[in-house]
Amino acid sequence: MVFQAKTITLLLSIFAVSLCKPSNGAGIAIYWGQGQDGNEGSLADTCNSGNYQFVNVAFLSRFGNDQPPELNLAAHCDPSAGTCTGISNDIRSCQNQGIKVLLSIGGAKGSYSLSSADDAGQVANYIWNNFLGGQSSSRPLGDAILDGVDFDIESVSGQFWDDLARALNGFSQQTKVYLAAAPQCIFPDASLDTAIQTGLFDYVWVQFYNNPSCQYVNDATGLLNAWNQWTAVQSSQIFLGLPAAPEAAPSGGFIPPDVLISQVLPSIKGSPKYGGVMLWSKQYDNGYSAAIKGSV
């Protein structure tokens with residue numbers, strides 16, 4: 001009887017955990033790090049919400065072309081003063097919950113570019129030694145090892161990002177480096193097409209917002225047409241990238257949770273490459289992820 005009781009308790013625990021996870025193994029990715037005035041919560045708070053399977057720490061906003069690399073985490077901490085190293089504990093806490101934590105490079109307002117394949121190799125070495133499995137005396141986020149790198153490359157030349165992807169992937173011989181990309185929904189993406197064509201990206205979370213021709217506008221026609229193009233790229237999983245609130249995307253693309261659940265997700269979840277939903281960003285996610293996670 002004791003054994004039977006323990007077995008029942010274990011099964012109930014597994015069932016309870018499964019209720020918190022999205023269906024079909026899909027999940028929600030969130031960007032964290034650009035919140036102002038403490039409106040975003042800590043990285044640990046973000047992971048403890050139980051809403052996310054991926055967190056992109058945003059952004060390494062300056063790098064390449066002989067620029068000294070610079071991490072920008074807005075109001076959270078000051079990397080130059082060494083006040084971000086405590087985030088290592090949060091990173092490990094997230095990873096202990098099975099959440100992948102990636103470094104997001106680029107962003108809409110960053111100062112970054114690559115001048116050559118050699119430059120891309122130097123940037124890859126910097127990222128490996130300062131955020132991934134390498135070693136450096138000046139790791140901005142402390143000694144925690146992030147799971148990979150997200151390419152949020154916007155409005156810059158598409159040259160040499162494929163070289164950066166290959167260089168980062170080369171370190172997977174030591175420790176797996178997950179690669180993600182966040183292209184605009186207009187296909188193909190002007191900055192990341194060549195990189196995505198390498199087939200090295202585990203996750204592609206496409207930004208279906210701030211792009212009227214391929215975002216949700218009154219109906220999902222343009223979005224679904226673009227989605228079908230993106231599912232043809234060489235990547236294990238494709239995500240539907242959305243703003244978590246109307247103010248998160250000034251040029252549109254917000255889809256109310258009930259509309260997403262009833263009109264959009266049923267049309268895309270049948271894709272073998274469907275990976276889930278990406279949200280921009282934690283500072284705007286005031287209940288959106290909680291409302292959709294059971295349907296993702």
# chains A, B, ... in the order shown; residues from 1 in each chain; ligands from 1
$ closest_atom_pairs --of "stretch 39-99 of chain A" --to "stretch 275-283 of chain A" --cutoff "12 Å" --atoms "only C-alpha atoms" --output "tab-separated table"
residue	atom	partner	partner_atom	distance
A:Asn39	CA	A:Gln283	CA	5.9
A:Glu40	CA	A:Gln283	CA	4.4
A:Gly41	CA	A:Gln283	CA	8.0
A:Ser42	CA	A:Lys282	CA	10.0
A:Leu43	CA	A:Lys282	CA	9.6
A:Asp45	CA	A:Lys282	CA	10.5
A:Thr46	CA	A:Lys282	CA	7.7
A:Cys47	CA	A:Lys282	CA	10.7
A:Ser49	CA	A:Lys282	CA	11.2
A:Asn51	CA	A:Lys282	CA	10.9
A:Tyr52	CA	A:Met278	CA	9.4
A:Gln53	CA	A:Gly276	CA	9.7
A:Phe54	CA	A:Met278	CA	8.7
A:Val55	CA	A:Lys282	CA	9.4
A:Asn56	CA	A:Ser281	CA	9.5
A:Val57	CA	A:Lys282	CA	10.5
A:Ala58	CA	A:Ser281	CA	9.8
A:Ala74	CA	A:Gln283	CA	11.5
A:Ala75	CA	A:Gln283	CA	11.6
A:His76	CA	A:Gln283	CA	11.9
$ residues_around --residues "A:Asp147" --least-positions-apart "5" --cutoff "7 Å" --atoms "only C-alpha atoms" --output "PyMOL selection string"
chain A and resi 100-102+177-178
$ write_last_selection --atoms "N, CA, C and O atoms" --output "PDB file, in the first residue's frame"
ATOM      1  N   LYS A 100      16.041  27.453 -21.237  1.00  0.00           N
ATOM      2  CA  LYS A 100      17.262  27.842 -21.931  1.00  0.00           C
ATOM      3  C   LYS A 100      17.407  29.356 -21.876  1.00  0.00           C
ATOM      4  O   LYS A 100      16.462  30.096 -22.180  1.00  0.00           O
ATOM      5  N   VAL A 101      18.596  29.811 -21.515  1.00  0.00           N
ATOM      6  CA  VAL A 101      18.897  31.239 -21.415  1.00  0.00           C
ATOM      7  C   VAL A 101      19.949  31.573 -22.470  1.00  0.00           C
ATOM      8  O   VAL A 101      21.051  31.024 -22.457  1.00  0.00           O
ATOM      9  N   LEU A 102      19.592  32.471 -23.374  1.00  0.00           N
ATOM     10  CA  LEU A 102      20.476  32.836 -24.473  1.00  0.00           C
ATOM     11  C   LEU A 102      20.885  34.310 -24.368  1.00  0.00           C
ATOM     12  O   LEU A 102      20.128  35.131 -23.841  1.00  0.00           O
ATOM     13  N   VAL A 177      26.244  24.872 -28.274  1.00  0.00           N
ATOM     14  CA  VAL A 177      25.856  26.281 -28.347  1.00  0.00           C
ATOM     15  C   VAL A 177      24.584  26.365 -29.190  1.00  0.00           C
ATOM     16  O   VAL A 177      24.618  26.155 -30.406  1.00  0.00           O
ATOM     17  N   TYR A 178      23.466  26.650 -28.548  1.00  0.00           N
ATOM     18  CA  TYR A 178      22.218  26.802 -29.279  1.00  0.00           C
ATOM     19  C   TYR A 178      22.214  28.144 -29.998  1.00  0.00           C
ATOM     20  O   TYR A 178      22.614  29.165 -29.435  1.00  0.00           O
TER      21      TYR A 178
END
$ select_by_dssp --residues "stretch 56-109 of chain A" --states "strand (DSSP E)" --output "PyMOL selection string"
chain A and resi 56-63+70-71+100-106
$ closest_residue --among "A:Gly64, A:Asp202, A:Asp258, A:Tyr209" --to "A:Pro246" --atoms "only C-alpha atoms"
A:Tyr209
$ atom_distance --atom1 "atom CA of A:Tyr288" --atom2 "atom CA of A:Pro243"
9.4 Å
$ closest_residue --among "A:Ala248, A:Leu240, A:Leu103, A:Ile145" --to "A:Ala180" --atoms "only C-alpha atoms"
A:Leu103
$ closest_residue --among "A:Gly50, A:Gln263, A:Ile196, A:Ala167" --to "A:Thr221" --atoms "only C-alpha atoms"
A:Gln263
$ residues_around --residues "A:Ala226" --least-positions-apart "6" --cutoff "12 Å" --atoms "only C-alpha atoms" --output "PyMOL selection string"
chain A and resi 183-189+206-209+211-216+220+232-233+238+240+268
$ atom_distance --atom1 "atom CA of A:Asn169" --atom2 "atom CA of A:Ser136"
19.4 Å
$ atom_distance --atom1 "atom CA of A:Arg92" --atom2 "atom CA of A:Arg139"
15.1 Å
